[in-house]
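Below you'll find the structure, written out as structure tokens, and then a few comments.
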Amino acid sequence: MPETETHPLVIVGAGPAGLAASIYASRYGVEHIIIGELVGGLITETHLIDNYPGIEDVSGFEFSQKLTHHAQKYGAKIMPARVKKMKKTGSGFKMETENGKILKSQTVLLATGTRHRKLNIPGEAEFFGKGVSYCATCDGFFYKSKTVAVVGGNDSAAGAAVYLAEICEKVYLIYRKGKLRAETFWINLIEKNPKIEVIYETNVLEISGAEKLQAIKLDKKHNNTETLSIDGLFIEAGSVPNLDFAADLELEIDAEGCIKIKPDSSTSVEGIWAAGDITDGSDKFCQVITACAEGAIAARSISNYLKK
Ligand SMILES: Cc1cc2nc3c(=O)[nH]c(=O)nc-3n(C[C@H](O)[C@H](O)[C@H](O)COP(=O)(O)OP(=O)(O)OC[C@H]3O[C@@H](n4cnc5c(N)ncnc54)[C@H](O)[C@@H]3O)c2cc1C
């Protein structure tokens, strides 16, 4: 039988929301453990953060390290693992990790963020790691002086295009609508950059190649299909909440699969709070600042709950 640990609070997710919650929980004297697969969270993938107040610019990796150290300074215990199942018990919650650990807790904070949405087109799985990537910061360097395309029109897609233009010879930004929905800041940078060409009203239909990706088939609204020769394709097509492991909890979620939270970050299930990109909070403005804020609010509410 695997050993079972028990804690007043288990935080699932070691990104900005989970780590900020941990800092506040420690300072409120709430004993807890963080279980997180990628310590630091999604922001580790970001080339540059220059919109977090008080820190003018920092790489995503450095920021996530600082956040992790800050939580550890106040005593955070971090278990790098993936939770595969969670259920309600008579007195709290029980969860099992993929590496066979079993934990019990009185309260839970879900801060598991989101994962990259796939295009689900032919060739996407086959050429993953051989030309297809979901992380410009991680893989951009492999395409030095080459031609790449980014799919998407949000801030992440725009940021990836600007970053890749620093490394690559040519960057196509392919978006299915007629206008990018990224911040004006990014749009201005894109418009000024001669290496970036935006292809509007276009979908990617298929990815092809031999050993590596060589081309993509485009479906253009006004010109039928066309083949574009590229060396790499970066997919930035939005995100899907990471909540599969918590299906048994029957949490109230919205149409996009985000957990519905109240102003104190509590959920529809007593004893469970949620924070960060996984929630419908902060007007769904998925940023580090909002994830940290929801984490802090949740920690305070959990502390009050445990005192009762
Ligand atoms: C390319 C890119 C650029 C960005 N740039 C910026 C920016 O400049 N400024 C900004 O403010 N925001 C930026 N963001 C958004 C920012 O990264 C997110 O809003 C923020 O990371 C959300 O934090 P979170 O803690 O909610 O989730 P995440 O950071 O996604 O962390 C989720 C955590 O949960 C873990 N997890 C997931 N499932 C499980 C499981 N089953 N078991 C255990 N652990 C699990 C993950 O491994 C991770 O530790 C960017 C995002 C991307 C992708």
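Residue numbering restarts at 1 for every chain of the structure tokens, chains are lettered A, B, ... in their displayed order, and ligands are numbered from 1 as they appear.
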
Could you write out, as a PyMOL selection string, all the residues of segment 120-287 of chain A that DSSP marks as strand (DSSP E or B)? chain A and resi 128+132-133+147-151+170-174+196-199+202-209+213-220+224-229+232-235+239-241+253+259+266+272-274+279

Please check which protein, DNA or RNA residues sit within 6 Å of ligand 1, counting only C-alpha atoms and all ligand atoms, and write them as a PyMOL selection string. chain A and resi 12-18+35-43+45-46+49+51+81-84+111-114+156+242+245+276-278+286-289+291

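Residues surrounding segment 261-266 of chain A within 10 Å are Val108, Leu109, Leu251, Glu252, Ile253, Gly271, Ile272, Trp273, Ala274, Ala275, Gly276, Ile278, Thr279, Asp280, Gly281, Ser282, Ala293, Glu294, Gly295, Ala296, Ile297, Ala298, Ala299, Arg300, Ser301 and Ile302 of chain A [only C-alpha atoms; sequence separation below 5 positions excluded].
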
Selection from above, C-alpha atoms, as a PDB file, in the first residue's frame, can you write it?
ATOM      1  CA  VAL A 108      -7.855  21.924  -1.900  1.00  0.00           C
ATOM      2  CA  LEU A 109      -6.787  24.803  -4.123  1.00  0.00           C
ATOM      3  CA  LEU A 251     -17.420  21.228  -9.944  1.00  0.00           C
ATOM      4  CA  GLU A 252     -19.522  23.852 -11.643  1.00  0.00           C
ATOM      5  CA  ILE A 253     -17.739  24.890 -14.861  1.00  0.00           C
ATOM      6  CA  GLY A 271     -13.595  22.801   0.678  1.00  0.00           C
ATOM      7  CA  ILE A 272     -12.365  23.494  -2.868  1.00  0.00           C
ATOM      8  CA  TRP A 273     -10.993  26.815  -4.095  1.00  0.00           C
ATOM      9  CA  ALA A 274      -9.606  27.605  -7.549  1.00  0.00           C
ATOM     10  CA  ALA A 275      -7.272  30.306  -8.861  1.00  0.00           C
ATOM     11  CA  GLY A 276      -5.567  31.440 -12.056  1.00  0.00           C
ATOM     12  CA  ILE A 278      -8.306  27.555 -14.761  1.00  0.00           C
ATOM     13  CA  THR A 279     -11.102  29.809 -13.442  1.00  0.00           C
ATOM     14  CA  ASP A 280     -13.727  32.129 -14.902  1.00  0.00           C
ATOM     15  CA  GLY A 281     -12.460  34.869 -12.522  1.00  0.00           C
ATOM     16  CA  SER A 282     -10.807  38.242 -13.267  1.00  0.00           C
ATOM     17  CA  ALA A 293      -4.178  37.870  -7.146  1.00  0.00           C
ATOM     18  CA  GLU A 294      -6.670  34.991  -7.248  1.00  0.00           C
ATOM     19  CA  GLY A 295      -4.121  32.751  -5.477  1.00  0.00           C
ATOM     20  CA  ALA A 296      -3.685  35.309  -2.687  1.00  0.00           C
ATOM     21  CA  ILE A 297      -7.444  35.783  -2.286  1.00  0.00           C
ATOM     22  CA  ALA A 298      -7.964  31.994  -2.148  1.00  0.00           C
ATOM     23  CA  ALA A 299      -5.259  31.531   0.516  1.00  0.00           C
ATOM     24  CA  ARG A 300      -6.876  34.125   2.765  1.00  0.00           C
ATOM     25  CA  SER A 301     -10.313  32.560   2.353  1.00  0.00           C
ATOM     26  CA  ILE A 302      -8.929  29.046   3.029  1.00  0.00           C
TER      27      ILE A 302
END

Ala215 of chain A environment, 9 Å, only C-alpha atoms, sequence neighbours closer than 3 positions dropped, as an MDAnalysis selection string: chainID A and resid 206:209 227:232

Close residues, Glu5 of chain A itself excluded, 10 Å, only C-alpha atoms, min 2 positions apart in chain, as number ranges by chain: A: 2-3, 7, 33, 94, 101-105

Sel. of helix (DSSP H, G or I) residues, segment 52-291 of chain A, as a PyMOL selection string: chain A and resi 60-73+136-143+155-167+184-192+244-249+282-284+288-291

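Of note, atom CA of Val162 of chain A and atom CA of Trp186 of chain A are spaced 7.8 Å apart.
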
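If you measure from each of A:Arg115, A:Lys144, A:Lys170, A:Lys217 to Val198 of chain A using only C-alpha atoms, the closest one turns out to be A:Lys170.
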
Between A:Glu62, A:His116, A:Phe127, A:Ala20, which residue has the minimum interatomic distance to Val240 of chain A, considering only C-alpha atoms?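 Nearest candidate to Val240 of chain A out of A:Glu62, A:His116, A:Phe127, A:Ala20: A:His116.
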
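If you look at atom CA of His47 of chain A and atom CA of Asp155 of chain A, they are 12.7 Å away from each other.
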
Measure the distance from atom CA of Lys308 of chain A to atom CA of Ile34 of chain A in Å and round it to one decimal. 22.8 Å

Contacts of Ala182 of chain A at 9 Å (only C-alpha atoms; same-chain gap of 5+ positions) as a PyMOL selection string: chain A and resi 153-159+187

Next, dump the selected residues to file, keeping only N, CA and C atoms, as a CSV table (one decimal), in the first residue's frame.
chain,number,residue,atom,x,y,z
A,153,GLY,N,-4.0,34.6,-33.3
A,153,GLY,CA,-4.1,36.0,-33.4
A,153,GLY,C,-4.1,36.7,-32.0
A,154,ASN,N,-3.8,35.9,-31.0
A,154,ASN,CA,-3.9,36.5,-29.6
A,154,ASN,C,-2.5,37.0,-29.2
A,155,ASP,N,-2.4,37.4,-27.9
A,155,ASP,CA,-1.1,38.0,-27.4
A,155,ASP,C,0.0,37.0,-27.5
A,156,SER,N,-0.3,35.7,-27.2
A,156,SER,CA,0.8,34.7,-27.3
A,156,SER,C,1.3,34.6,-28.7
A,157,ALA,N,0.4,34.5,-29.6
A,157,ALA,CA,0.8,34.4,-31.1
A,157,ALA,C,1.6,35.6,-31.5
A,158,ALA,N,1.1,36.8,-31.2
A,158,ALA,CA,1.8,38.0,-31.6
A,158,ALA,C,3.2,38.0,-30.9
A,159,GLY,N,3.3,37.7,-29.6
A,159,GLY,CA,4.6,37.7,-28.9
A,159,GLY,C,5.5,36.7,-29.5
A,187,ILE,N,0.7,44.6,-31.8
A,187,ILE,CA,0.3,44.9,-33.2
A,187,ILE,C,1.3,46.0,-33.8

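Each of A:Phe234, A:Phe63, A:Tyr172, A:Phe93 was compared to Val132 of chain A using only C-alpha atoms, and A:Phe234 turns out to be the nearest.
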
Counting only C-alpha atoms, what is within 9 Å of Tyr134 of chain A, bar same-chain residues fewer than 6 positions away, as a PDB file with N, CA and C atoms, in the first residue's frame?
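And here's selection_17.pdb as it stands now:
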ATOM      1  N   HIS A 116      -1.956  23.917 -24.135  1.00  0.00           N
ATOM      2  CA  HIS A 116      -2.125  24.465 -25.490  1.00  0.00           C
ATOM      3  C   HIS A 116      -3.213  23.716 -26.257  1.00  0.00           C
ATOM      4  N   ARG A 117      -4.052  24.474 -26.935  1.00  0.00           N
ATOM      5  CA  ARG A 117      -5.077  23.859 -27.776  1.00  0.00           C
ATOM      6  C   ARG A 117      -4.426  23.371 -29.070  1.00  0.00           C
ATOM      7  N   LYS A 118      -4.807  22.189 -29.483  1.00  0.00           N
ATOM      8  CA  LYS A 118      -4.236  21.644 -30.730  1.00  0.00           C
ATOM      9  C   LYS A 118      -5.133  22.034 -31.904  1.00  0.00           C
ATOM     10  N   PHE A 128       5.157  16.726 -34.648  1.00  0.00           N
ATOM     11  CA  PHE A 128       5.446  17.370 -33.360  1.00  0.00           C
ATOM     12  C   PHE A 128       6.904  17.059 -32.982  1.00  0.00           C
ATOM     13  N   LEU A 233       6.525  25.297 -37.614  1.00  0.00           N
ATOM     14  CA  LEU A 233       5.184  25.840 -37.387  1.00  0.00           C
ATOM     15  C   LEU A 233       4.941  25.931 -35.882  1.00  0.00           C
ATOM     16  N   PHE A 234       4.652  27.141 -35.411  1.00  0.00           N
ATOM     17  CA  PHE A 234       4.392  27.365 -33.986  1.00  0.00           C
ATOM     18  C   PHE A 234       2.891  27.581 -33.798  1.00  0.00           C
ATOM     19  N   ILE A 235       2.280  26.688 -33.034  1.00  0.00           N
ATOM     20  CA  ILE A 235       0.825  26.735 -32.881  1.00  0.00           C
ATOM     21  C   ILE A 235       0.466  27.455 -31.578  1.00  0.00           C
ATOM     22  N   GLU A 236      -0.238  28.563 -31.720  1.00  0.00           N
ATOM     23  CA  GLU A 236      -0.655  29.392 -30.570  1.00  0.00           C
ATOM     24  C   GLU A 236      -2.159  29.622 -30.709  1.00  0.00           C
TER      25      GLU A 236
END

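Among the candidate residues A:Asn304, A:Gln65, A:Ser239, A:Thr137, the one lying nearest to Cys258 of chain A is A:Ser239, with distances computed using only C-alpha atoms.
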
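The closest residue to Tyr163 of chain A, picked from A:Gly60, A:Phe285, A:Lys130, A:Leu48 and counting only C-alpha atoms, is A:Leu48.
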
With only C-alpha atoms as the basis for distance, which of A:Ala161, A:Gly178, A:Ala246, A:Ile78 is at the shortest distance from Met95 of chain A?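 Ranking A:Ala161, A:Gly178, A:Ala246, A:Ile78 by distance to Met95 of chain A, first place goes to A:Ala246.
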